[in-house]
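Trainee: Sending over a structure as structure tokens; questions will come in a sec.
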Amino acid sequence: MFTATRIADKKDWISGATGDWEIIIGLEIHAQVASKAKLFSGSSTEFGSEPNSQVSLVDAAMPGMLPVLNEFCVEQAIRTGFGLNAEINLFSRFDRKNYFYPDLPQGYQISQLYHPIVGEGEIEVDVDGADTIKVGIERLHLEQDAGKSIHDLDPNSTYVDLNRCGVALMEIVSKPDMRSSAEAAGYVKKIRSLVRYLETCDGDMEKGNLRADVNISVRKPGGELGTRCEIKNVNSMRFIAQAIEYEARRQIDIIESGGKIDQETRLFNADTGKTRTMRSKEDAHDYRYFPCPDLLPVKLSQEYVNSIKAALPELPDAKRARFVAEYGLSAYDAGVLVSDREKSAYYEAVAKGNDKKLAANWVINEVFGKLNKENIEIENSPVSAKANNSIVKMITDKTISGKIAKQVFEICWNEGGDPVKIVDERGLKQVTDTGAIEAMIDEIIAANPEQAAKVKDKPKTLGWFVGQVMQKSGGKANPQAVNQLLRSKLL
Amino acid sequence: MSVDAENVKKIARLARLDVPEERLEPLAKELNDLLGWIEQLNEVDVGGVEPMTSAVETQIHLRSDEVTDGNIRDKVLANAPKSEEGFFVVPKSVE
């Protein structure tokens with residue numbers, strides 16, 4: 001039985017006519033396993049193929065066809081279970097969940113109700129980059145996806161494509177441990193990050209490869225749990241937040257005007273930002289679960305499970321701890337860098353052989369900043385990690401100044417090319433030759449004798465001279481050298 | 001445990017079976033007879049006996065993750081009452 005002991009932060013309370021309320025949120029995430037073939041058949045899982053071209057007679061539920069379990073999918077469920085710090089069940093079993101819908105030709109979904117492959121776990125979730133909360137995991141189980149129904153091709157008919165039918169899903173059920181839309185969004189981000197690190201699911205929310213059902217109820221802070229509603233298939237972070245805000249307000253309004261919440265399934269409409277009843281209570285599904293007689297229980301050996309654990313990659317929490325402990329990065333910066341597998345790999349490639357902090361600042365401010373501004377994913381960055389590694393190296397050994405480095409980055413972004421060559425060919429090397437800098441300084445002082453005389457009384461005006469020298473050198477003079485020389489001449 | 005005509009009606013609806021009104025009572029009786037036999041089994045003490053999942057002691061057979069099937073759209077659609085452009089076409093299933 002679910003309990004919800006934590007009380008929401010006061011800032012997350014919602015005020016109603018009868019006082020404050022808190023939102024209790026639990027999520028069911030469906031993550032498509034990154035397998036080549038389906039959970040129980042040998043047909044392909046590839047996205048976007050011709051309708052019904054990736055359907056076997058097993059997926060089409062022809063009489064007498066038998067499901068055969070895909071070993072890779074079992075392994076991915078276990079890997080994900082480890083990512084969730086969860087218990088791996090050496091005994092699990094498949095059940096039939098019975099219901100009728102045109103995109104489910106079997107008339108039942110093969111799922112795992114009574115004996116899921118993964119049991120309870122717990123993960124840490126960052127909320128808005130500030131707080132960290134713990135969210136309990138209730139279970140992870142394997143199940144089949146349904147096909148796709150297309151309702152807008154014809155006014156009187158539905159068109160059914162079974163290509164997705166039978167594709168393996170991991171359903172990850174959280175405990176009702178979230179109290180705000182920000183916490184729920186943080187949880188989804190963490191799960192997405194984990195499955196992408198583990199490469200058990202590609203996390204593509206646009207294609208529906210990772211989607212969430214949101215369970216929401218409201219209660220007076222710390223009070224009795226209310227009746228919950230389930231919002232189906234909310235498929236972006238933004239919609240999850242919108243659906244939660246709308247649904248919480250709807251429930252509070254009903255209760256405060258003397259009404260009662262019906263436990264029901266609701267649909268989120270992305271166009272209006274509202275939720276509406278999907279299935280009325282009267283028609284509530286009675287799934288009549290029973291063990292699937294076509295499949296034997298899955299019995300795993302401890303050695304097999306251990307071997308999977310031994311082969312896990314470094315996960316985001318461990319990576320962040322390492323970046324803090326070994327590289328001396330701040331927890332915040334480390335968090336930004338590990339939030340995504342591609343991002344952390346990119347950073348590590350830039351930092352290789354370089355100063356780790358300098359590399360972190362460079363990647364976060366210059367690279368991520370530019371990518372965000374241009375709305376480009378890191379995988380498609382026009383400037384490679386290798387090129388950035390060279391740029392950072394040149395800053396470190398003082399070949400170029402930080403300012404010139406930004407110029408070089410812009411050139412690489414717009415025109416491509418090797419940063420070392422660019423610096424060479426365009427004469428962007430920092431001038432560290434004190435003789436050359438001194439000559440420039442003398443020239444400027446000679447041209448501005450009054451200004452130069454003032455510096456002794458007003459040392460702050462030295463900055464003006466620094467600016468002049470930098471300008472004259474085209475930004476290439478070494479700022480430390482310029483400062484030092486000016487001080488010795490004018491102070 | 002016993003069922004009445006109302007239960008039979010509900011189960012039939014969930015299973016999409018068209019059971020005529022006059023068959024509900026007789027079916028309820030038949031089902032109750034079956035449930036009675038099953039209840040007799042409760043007299044057997046099975047404490048400490050593992051539930052049997054198969055008549056033969058064997059491991060579940062697993063398949064490697066390879067694409068070995070599909071591309072048989074004509075076969076898949078062969079029995080469909082209606083199909084178009086490679087899709088199954090069924091009566092509108094949303095309101």
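Order determines the names: the first chain of the structure tokens is A, the second B, and so forth; residues in each chain are numbered 1 upward, and ligands are numbered 1 upward as they are shown.
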Can you write out as JSON lines which residues of chain A fall within 8 Å of chain B, alongside each residue's closest atom pair and its distance in Å to one decimal, counting only C-alpha atoms and ordering rows by chain and ascending residue number?
Mentor:
{"residue": "A:Ser35", "atom": "CA", "partner": "B:Asp65", "partner_atom": "CA", "distance": 6.7}
{"residue": "A:Lys36", "atom": "CA", "partner": "B:Asp65", "partner_atom": "CA", "distance": 6.1}
{"residue": "A:Ala37", "atom": "CA", "partner": "B:Val67", "partner_atom": "CA", "distance": 5.2}
{"residue": "A:Ser41", "atom": "CA", "partner": "B:Asp69", "partner_atom": "CA", "distance": 7.5}
{"residue": "A:Gly42", "atom": "CA", "partner": "B:Thr68", "partner_atom": "CA", "distance": 4.8}
{"residue": "A:Ser43", "atom": "CA", "partner": "B:Asp69", "partner_atom": "CA", "distance": 4.5}
{"residue": "A:Ser44", "atom": "CA", "partner": "B:Val67", "partner_atom": "CA", "distance": 5.4}
{"residue": "A:Glu50", "atom": "CA", "partner": "B:Gly86", "partner_atom": "CA", "distance": 7.7}
{"residue": "A:Pro51", "atom": "CA", "partner": "B:Gly86", "partner_atom": "CA", "distance": 5.7}
{"residue": "A:Asn52", "atom": "CA", "partner": "B:Arg73", "partner_atom": "CA", "distance": 5.7}
{"residue": "A:Ser53", "atom": "CA", "partner": "B:Asn71", "partner_atom": "CA", "distance": 4.8}
{"residue": "A:Gln54", "atom": "CA", "partner": "B:Gly70", "partner_atom": "CA", "distance": 4.6}
{"residue": "A:Val55", "atom": "CA", "partner": "B:Gly70", "partner_atom": "CA", "distance": 4.9}
{"residue": "A:Ser56", "atom": "CA", "partner": "B:Gly70", "partner_atom": "CA", "distance": 4.8}
{"residue": "A:Leu57", "atom": "CA", "partner": "B:Val76", "partner_atom": "CA", "distance": 6.7}
{"residue": "A:Ala60", "atom": "CA", "partner": "B:Val76", "partner_atom": "CA", "distance": 6.7}
{"residue": "A:Val68", "atom": "CA", "partner": "B:Leu62", "partner_atom": "CA", "distance": 6.3}
{"residue": "A:Leu69", "atom": "CA", "partner": "B:Leu62", "partner_atom": "CA", "distance": 5.1}
{"residue": "A:Asn70", "atom": "CA", "partner": "B:Arg63", "partner_atom": "CA", "distance": 4.8}
{"residue": "A:Glu71", "atom": "CA", "partner": "B:Leu62", "partner_atom": "CA", "distance": 5.4}
{"residue": "A:Phe72", "atom": "CA", "partner": "B:Asp65", "partner_atom": "CA", "distance": 5.8}
{"residue": "A:Tyr99", "atom": "CA", "partner": "B:Leu14", "partner_atom": "CA", "distance": 7.4}
{"residue": "A:Phe100", "atom": "CA", "partner": "B:Ala15", "partner_atom": "CA", "distance": 7.9}
{"residue": "A:Pro102", "atom": "CA", "partner": "B:Val90", "partner_atom": "CA", "distance": 7.4}
{"residue": "A:His151", "atom": "CA", "partner": "B:Lys92", "partner_atom": "CA", "distance": 7.0}
{"residue": "A:Pro155", "atom": "CA", "partner": "B:Lys92", "partner_atom": "CA", "distance": 7.8}
{"residue": "A:Asn156", "atom": "CA", "partner": "B:Lys92", "partner_atom": "CA", "distance": 5.4}
{"residue": "A:Ser157", "atom": "CA", "partner": "B:Lys92", "partner_atom": "CA", "distance": 4.2}
{"residue": "A:Thr158", "atom": "CA", "partner": "B:Lys92", "partner_atom": "CA", "distance": 4.7}
{"residue": "A:Tyr159", "atom": "CA", "partner": "B:Val89", "partner_atom": "CA", "distance": 4.7}
{"residue": "A:Val160", "atom": "CA", "partner": "B:Phe88", "partner_atom": "CA", "distance": 4.9}
{"residue": "A:Asp161", "atom": "CA", "partner": "B:Phe87", "partner_atom": "CA", "distance": 5.6}
{"residue": "A:Asp286", "atom": "CA", "partner": "B:Leu14", "partner_atom": "CA", "distance": 7.6}
{"residue": "A:Leu295", "atom": "CA", "partner": "B:Ile60", "partner_atom": "CA", "distance": 7.1}
{"residue": "A:Leu296", "atom": "CA", "partner": "B:Ile60", "partner_atom": "CA", "distance": 5.1}
{"residue": "A:Pro297", "atom": "CA", "partner": "B:Ile60", "partner_atom": "CA", "distance": 6.6}
{"residue": "A:Val298", "atom": "CA", "partner": "B:Ile60", "partner_atom": "CA", "distance": 6.3}
{"residue": "A:Lys299", "atom": "CA", "partner": "B:Gln59", "partner_atom": "CA", "distance": 7.5}
Trainee: Hey, what's within 12 Å of Asn306 of chain A if we count only C-alpha atoms and toss same-chain stuff fewer than 4 positions away? As a ChimeraX atom specification, please?
Mentor: /A:75,78-79,82,88,90,300-302,310-312
Trainee: Write the selection just made, keeping N, CA, C and O atoms, as a PDB file, in the first residue's frame?
Mentor:
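result-v7.pdb was written with the following content:
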ATOM      1  N   GLU A  75      17.776  -8.586 -20.213  1.00  0.00           N
ATOM      2  CA  GLU A  75      19.028  -7.996 -19.739  1.00  0.00           C
ATOM      3  C   GLU A  75      18.885  -6.484 -19.540  1.00  0.00           C
ATOM      4  O   GLU A  75      19.366  -5.930 -18.547  1.00  0.00           O
ATOM      5  N   ILE A  78      17.076  -5.643 -16.377  1.00  0.00           N
ATOM      6  CA  ILE A  78      17.938  -5.819 -15.197  1.00  0.00           C
ATOM      7  C   ILE A  78      18.915  -4.645 -15.081  1.00  0.00           C
ATOM      8  O   ILE A  78      19.115  -4.085 -14.000  1.00  0.00           O
ATOM      9  N   ARG A  79      19.516  -4.266 -16.214  1.00  0.00           N
ATOM     10  CA  ARG A  79      20.451  -3.124 -16.194  1.00  0.00           C
ATOM     11  C   ARG A  79      19.756  -1.873 -15.671  1.00  0.00           C
ATOM     12  O   ARG A  79      20.296  -1.144 -14.823  1.00  0.00           O
ATOM     13  N   PHE A  82      19.295  -1.956 -11.994  1.00  0.00           N
ATOM     14  CA  PHE A  82      20.486  -1.540 -11.243  1.00  0.00           C
ATOM     15  C   PHE A  82      20.616  -0.025 -11.228  1.00  0.00           C
ATOM     16  O   PHE A  82      20.982   0.573 -10.222  1.00  0.00           O
ATOM     17  N   ILE A  88      16.687  -6.853  -7.847  1.00  0.00           N
ATOM     18  CA  ILE A  88      16.425  -7.646  -9.049  1.00  0.00           C
ATOM     19  C   ILE A  88      15.798  -8.961  -8.597  1.00  0.00           C
ATOM     20  O   ILE A  88      16.352  -9.661  -7.748  1.00  0.00           O
ATOM     21  N   LEU A  90      14.979 -12.687  -8.883  1.00  0.00           N
ATOM     22  CA  LEU A  90      15.487 -13.850  -9.610  1.00  0.00           C
ATOM     23  C   LEU A  90      14.336 -14.685 -10.175  1.00  0.00           C
ATOM     24  O   LEU A  90      14.520 -15.467 -11.104  1.00  0.00           O
ATOM     25  N   LEU A 300      16.322 -16.449 -12.984  1.00  0.00           N
ATOM     26  CA  LEU A 300      17.665 -15.948 -13.259  1.00  0.00           C
ATOM     27  C   LEU A 300      18.634 -16.500 -12.233  1.00  0.00           C
ATOM     28  O   LEU A 300      18.271 -16.671 -11.064  1.00  0.00           O
ATOM     29  N   SER A 301      19.867 -16.756 -12.666  1.00  0.00           N
ATOM     30  CA  SER A 301      20.868 -17.175 -11.686  1.00  0.00           C
ATOM     31  C   SER A 301      21.551 -15.924 -11.137  1.00  0.00           C
ATOM     32  O   SER A 301      21.663 -14.906 -11.833  1.00  0.00           O
ATOM     33  N   GLN A 302      21.986 -16.028  -9.895  1.00  0.00           N
ATOM     34  CA  GLN A 302      22.670 -14.901  -9.268  1.00  0.00           C
ATOM     35  C   GLN A 302      23.938 -14.549 -10.052  1.00  0.00           C
ATOM     36  O   GLN A 302      24.286 -13.381 -10.188  1.00  0.00           O
ATOM     37  N   ALA A 310      28.386  -6.239 -13.192  1.00  0.00           N
ATOM     38  CA  ALA A 310      29.808  -5.957 -13.379  1.00  0.00           C
ATOM     39  C   ALA A 310      30.064  -5.185 -14.676  1.00  0.00           C
ATOM     40  O   ALA A 310      31.060  -4.481 -14.799  1.00  0.00           O
ATOM     41  N   ALA A 311      29.149  -5.314 -15.643  1.00  0.00           N
ATOM     42  CA  ALA A 311      29.372  -4.689 -16.951  1.00  0.00           C
ATOM     43  C   ALA A 311      28.680  -3.334 -17.091  1.00  0.00           C
ATOM     44  O   ALA A 311      28.639  -2.770 -18.179  1.00  0.00           O
ATOM     45  N   LEU A 312      28.129  -2.801 -15.982  1.00  0.00           N
ATOM     46  CA  LEU A 312      27.427  -1.516 -16.074  1.00  0.00           C
ATOM     47  C   LEU A 312      28.398  -0.370 -16.336  1.00  0.00           C
ATOM     48  O   LEU A 312      29.521  -0.379 -15.837  1.00  0.00           O
TER      49      LEU A 312
END
Trainee: List as a ChimeraX atom specification the protein and nucleic acid residues near Asn414 of chain A, meaning an atom at most 10 Å away when only C-alpha atoms are counted, but skip any in the same chain fewer than 6 places from it.
Mentor: /A:382-383,408
Trainee: Rounded to one decimal place, report the atom CA of Lys406 of chain A-atom CA of Gly467 of chain A distance in Å.
Mentor: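 Computing it gives 17.8 Å between the two atoms.
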Trainee: Residues within 10 Å of segment 26-36 of chain B, please, as a PyMOL selection string. Count only C-alpha atoms; anything in the same chain fewer than 5 positions from it doesn't count.
Mentor: chain B and resi 1-9+19+41
Trainee: Residues of the last selection are to be written out with all heavy atoms, as a PDB file, in the first residue's frame.
Mentor:
ATOM      1  N   MET B   1     -17.611 -19.080  -3.188  1.00  0.00           N
ATOM      2  CA  MET B   1     -17.790 -18.097  -4.253  1.00  0.00           C
ATOM      3  C   MET B   1     -18.879 -18.556  -5.214  1.00  0.00           C
ATOM      4  O   MET B   1     -18.958 -19.722  -5.572  1.00  0.00           O
ATOM      5  CB  MET B   1     -16.462 -17.956  -5.024  1.00  0.00           C
ATOM      6  CG  MET B   1     -16.484 -16.775  -5.958  1.00  0.00           C
ATOM      7  SD  MET B   1     -14.965 -16.689  -6.918  1.00  0.00           S
ATOM      8  CE  MET B   1     -15.489 -15.623  -8.228  1.00  0.00           C
ATOM      9  N   SER B   2     -19.754 -17.642  -5.580  1.00  0.00           N
ATOM     10  CA  SER B   2     -20.764 -17.997  -6.574  1.00  0.00           C
ATOM     11  C   SER B   2     -21.058 -16.785  -7.455  1.00  0.00           C
ATOM     12  O   SER B   2     -20.795 -15.657  -7.070  1.00  0.00           O
ATOM     13  CB  SER B   2     -22.053 -18.483  -5.889  1.00  0.00           C
ATOM     14  OG  SER B   2     -22.695 -17.384  -5.256  1.00  0.00           O
ATOM     15  N   VAL B   3     -21.596 -17.076  -8.629  1.00  0.00           N
ATOM     16  CA  VAL B   3     -21.918 -15.986  -9.546  1.00  0.00           C
ATOM     17  C   VAL B   3     -23.417 -15.961  -9.818  1.00  0.00           C
ATOM     18  O   VAL B   3     -24.094 -16.991  -9.707  1.00  0.00           O
ATOM     19  CB  VAL B   3     -21.155 -16.117 -10.889  1.00  0.00           C
ATOM     20  CG1 VAL B   3     -19.674 -16.005 -10.677  1.00  0.00           C
ATOM     21  CG2 VAL B   3     -21.523 -17.417 -11.586  1.00  0.00           C
ATOM     22  N   ASP B   4     -23.943 -14.782 -10.139  1.00  0.00           N
ATOM     23  CA  ASP B   4     -25.343 -14.684 -10.523  1.00  0.00           C
ATOM     24  C   ASP B   4     -25.442 -14.160 -11.970  1.00  0.00           C
ATOM     25  O   ASP B   4     -24.427 -13.907 -12.620  1.00  0.00           O
ATOM     26  CB  ASP B   4     -26.122 -13.786  -9.551  1.00  0.00           C
ATOM     27  CG  ASP B   4     -25.540 -12.387  -9.477  1.00  0.00           C
ATOM     28  OD1 ASP B   4     -24.776 -12.013 -10.401  1.00  0.00           O
ATOM     29  OD2 ASP B   4     -25.821 -11.671  -8.503  1.00  0.00           O
ATOM     30  N   ALA B   5     -26.635 -14.027 -12.434  1.00  0.00           N
ATOM     31  CA  ALA B   5     -26.857 -13.618 -13.831  1.00  0.00           C
ATOM     32  C   ALA B   5     -26.172 -12.287 -14.133  1.00  0.00           C
ATOM     33  O   ALA B   5     -25.633 -12.084 -15.224  1.00  0.00           O
ATOM     34  CB  ALA B   5     -28.352 -13.517 -14.115  1.00  0.00           C
ATOM     35  N   GLU B   6     -26.184 -11.420 -13.148  1.00  0.00           N
ATOM     36  CA  GLU B   6     -25.570 -10.095 -13.327  1.00  0.00           C
ATOM     37  C   GLU B   6     -24.061 -10.226 -13.585  1.00  0.00           C
ATOM     38  O   GLU B   6     -23.515  -9.587 -14.477  1.00  0.00           O
ATOM     39  CB  GLU B   6     -25.833  -9.277 -12.043  1.00  0.00           C
ATOM     40  CG  GLU B   6     -26.141  -7.802 -12.203  1.00  0.00           C
ATOM     41  CD  GLU B   6     -26.781  -7.395 -13.528  1.00  0.00           C
ATOM     42  OE1 GLU B   6     -27.894  -7.849 -13.862  1.00  0.00           O
ATOM     43  OE2 GLU B   6     -26.124  -6.605 -14.225  1.00  0.00           O
ATOM     44  N   ASN B   7     -23.381 -11.089 -12.777  1.00  0.00           N
ATOM     45  CA  ASN B   7     -21.939 -11.339 -12.987  1.00  0.00           C
ATOM     46  C   ASN B   7     -21.671 -11.902 -14.377  1.00  0.00           C
ATOM     47  O   ASN B   7     -20.738 -11.485 -15.055  1.00  0.00           O
ATOM     48  CB  ASN B   7     -21.402 -12.374 -11.968  1.00  0.00           C
ATOM     49  CG  ASN B   7     -21.484 -11.896 -10.540  1.00  0.00           C
ATOM     50  OD1 ASN B   7     -21.885 -12.640  -9.664  1.00  0.00           O
ATOM     51  ND2 ASN B   7     -21.126 -10.633 -10.306  1.00  0.00           N
ATOM     52  N   VAL B   8     -22.518 -12.836 -14.775  1.00  0.00           N
ATOM     53  CA  VAL B   8     -22.322 -13.481 -16.077  1.00  0.00           C
ATOM     54  C   VAL B   8     -22.416 -12.426 -17.175  1.00  0.00           C
ATOM     55  O   VAL B   8     -21.616 -12.403 -18.111  1.00  0.00           O
ATOM     56  CB  VAL B   8     -23.366 -14.590 -16.305  1.00  0.00           C
ATOM     57  CG1 VAL B   8     -23.223 -15.177 -17.708  1.00  0.00           C
ATOM     58  CG2 VAL B   8     -23.195 -15.688 -15.264  1.00  0.00           C
ATOM     59  N   LYS B   9     -23.386 -11.542 -17.021  1.00  0.00           N
ATOM     60  CA  LYS B   9     -23.594 -10.496 -18.014  1.00  0.00           C
ATOM     61  C   LYS B   9     -22.337  -9.618 -18.124  1.00  0.00           C
ATOM     62  O   LYS B   9     -21.878  -9.285 -19.215  1.00  0.00           O
ATOM     63  CB  LYS B   9     -24.793  -9.640 -17.596  1.00  0.00           C
ATOM     64  CG  LYS B   9     -25.385  -8.823 -18.710  1.00  0.00           C
ATOM     65  CD  LYS B   9     -26.663  -8.161 -18.207  1.00  0.00           C
ATOM     66  CE  LYS B   9     -27.136  -7.106 -19.187  1.00  0.00           C
ATOM     67  NZ  LYS B   9     -28.368  -6.465 -18.715  1.00  0.00           N
ATOM     68  N   VAL B  19     -24.137 -12.887 -25.164  1.00  0.00           N
ATOM     69  CA  VAL B  19     -24.926 -13.920 -24.485  1.00  0.00           C
ATOM     70  C   VAL B  19     -26.378 -13.453 -24.397  1.00  0.00           C
ATOM     71  O   VAL B  19     -26.661 -12.427 -23.783  1.00  0.00           O
ATOM     72  CB  VAL B  19     -24.368 -14.207 -23.072  1.00  0.00           C
ATOM     73  CG1 VAL B  19     -25.222 -15.242 -22.368  1.00  0.00           C
ATOM     74  CG2 VAL B  19     -22.921 -14.670 -23.157  1.00  0.00           C
ATOM     75  N   LEU B  41     -11.424 -28.739  -4.497  1.00  0.00           N
ATOM     76  CA  LEU B  41      -9.961 -28.875  -4.501  1.00  0.00           C
ATOM     77  C   LEU B  41      -9.332 -28.193  -3.288  1.00  0.00           C
ATOM     78  O   LEU B  41      -8.245 -28.556  -2.852  1.00  0.00           O
ATOM     79  CB  LEU B  41      -9.363 -28.283  -5.780  1.00  0.00           C
ATOM     80  CG  LEU B  41      -9.727 -28.986  -7.084  1.00  0.00           C
ATOM     81  CD1 LEU B  41      -9.207 -28.200  -8.282  1.00  0.00           C
ATOM     82  CD2 LEU B  41      -9.144 -30.402  -7.098  1.00  0.00           C
TER      83      LEU B  41
END
Trainee: How would you write, as a list of chain:residue names, the set of residues in segment 61-126 of chain A that DSSP gives as strand (DSSP E)?
Mentor: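 So the strand (DSSP E) residues in segment 61-126 of chain A would be A:Leu69, A:Asn70, A:Phe91, A:Ser92, A:Asp95, A:Arg96, A:Lys97, A:Asn98, A:Tyr108, A:Gln109, A:Ile110, A:Ser111, A:Gly121, A:Glu122, A:Ile123, A:Glu124, A:Val125, A:Asp126.
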Trainee: Would you return as number ranges by chain the members of segment 331-456 of chain A that DSSP assigns to alpha helix (DSSP H) on this structure's backbone?
Mentor: A: 331-338, 341-351, 356-361, 369-374, 385-396, 402-415, 419-425, 434-447, 449-454
Trainee: As a VMD selection string, please: the residues near Thr399 of chain A (cut-off 9 Å, only C-alpha atoms, same-chain neighbours under 3 positions excluded).
Mentor: chain A and resid 393 to 396 423 428 to 432
Trainee: For those residues, write N, CA and C atoms to a file as a PDB file, in the first residue's frame.
Mentor:
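Final output, saved to selection.pdb:
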ATOM      1  N   LYS A 393      43.456  23.820 -24.758  1.00  0.00           N
ATOM      2  CA  LYS A 393      44.896  23.601 -24.608  1.00  0.00           C
ATOM      3  C   LYS A 393      45.653  24.902 -24.903  1.00  0.00           C
ATOM      4  N   MET A 394      45.228  25.622 -25.952  1.00  0.00           N
ATOM      5  CA  MET A 394      45.903  26.864 -26.333  1.00  0.00           C
ATOM      6  C   MET A 394      45.681  27.970 -25.298  1.00  0.00           C
ATOM      7  N   ILE A 395      44.514  27.936 -24.622  1.00  0.00           N
ATOM      8  CA  ILE A 395      44.319  28.916 -23.543  1.00  0.00           C
ATOM      9  C   ILE A 395      45.284  28.592 -22.403  1.00  0.00           C
ATOM     10  N   THR A 396      45.374  27.277 -22.079  1.00  0.00           N
ATOM     11  CA  THR A 396      46.192  26.852 -20.945  1.00  0.00           C
ATOM     12  C   THR A 396      47.668  27.205 -21.144  1.00  0.00           C
ATOM     13  N   VAL A 423      44.484  29.656 -35.697  1.00  0.00           N
ATOM     14  CA  VAL A 423      45.271  30.598 -34.897  1.00  0.00           C
ATOM     15  C   VAL A 423      46.576  30.947 -35.621  1.00  0.00           C
ATOM     16  N   LEU A 428      46.631  34.870 -34.779  1.00  0.00           N
ATOM     17  CA  LEU A 428      45.889  35.190 -33.562  1.00  0.00           C
ATOM     18  C   LEU A 428      46.663  34.872 -32.294  1.00  0.00           C
ATOM     19  N   LYS A 429      47.904  34.437 -32.462  1.00  0.00           N
ATOM     20  CA  LYS A 429      48.700  34.059 -31.293  1.00  0.00           C
ATOM     21  C   LYS A 429      48.873  35.233 -30.350  1.00  0.00           C
ATOM     22  N   GLN A 430      48.803  34.906 -29.070  1.00  0.00           N
ATOM     23  CA  GLN A 430      48.965  35.915 -28.051  1.00  0.00           C
ATOM     24  C   GLN A 430      50.383  36.485 -28.098  1.00  0.00           C
ATOM     25  N   VAL A 431      50.496  37.819 -27.947  1.00  0.00           N
ATOM     26  CA  VAL A 431      51.825  38.426 -27.915  1.00  0.00           C
ATOM     27  C   VAL A 431      52.318  38.380 -26.471  1.00  0.00           C
ATOM     28  N   THR A 432      53.332  37.536 -26.215  1.00  0.00           N
ATOM     29  CA  THR A 432      53.880  37.462 -24.860  1.00  0.00           C
ATOM     30  C   THR A 432      55.272  38.086 -24.829  1.00  0.00           C
TER      31      THR A 432
END
Trainee: Just to confirm, what's the straight-line distance from atom CA of Asp397 of chain A to atom CA of Ile444 of chain A in Å (one decimal)?
Mentor: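 Straight-line distance from atom CA of Asp397 of chain A to atom CA of Ile444 of chain A works out to 28.1 Å.
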Trainee: Just how far from atom CA of Met205 of chain A is atom CA of Ala321 of chain A, in Å to one decimal?
Mentor: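 Atom-to-atom, atom CA of Ala321 of chain A and atom CA of Met205 of chain A are spaced 27.9 Å apart.
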Trainee: Write out as a PyMOL selection string the residues lying within 12 Å of Gly259 of chain A, counting only C-alpha atoms and excluding same-chain residues fewer than 5 positions away.
Mentor: chain A and resi 227+250-254
Trainee: Give me the residues near Met52 of chain B as a VMD selection string, where near means some atom within 12 Å (using only C-alpha atoms) and where sequence neighbours in that chain fewer than 3 positions away do not count.
Mentor: (chain A and resid 291 293 296 to 297) or (chain B and resid 46 49 55 to 58)
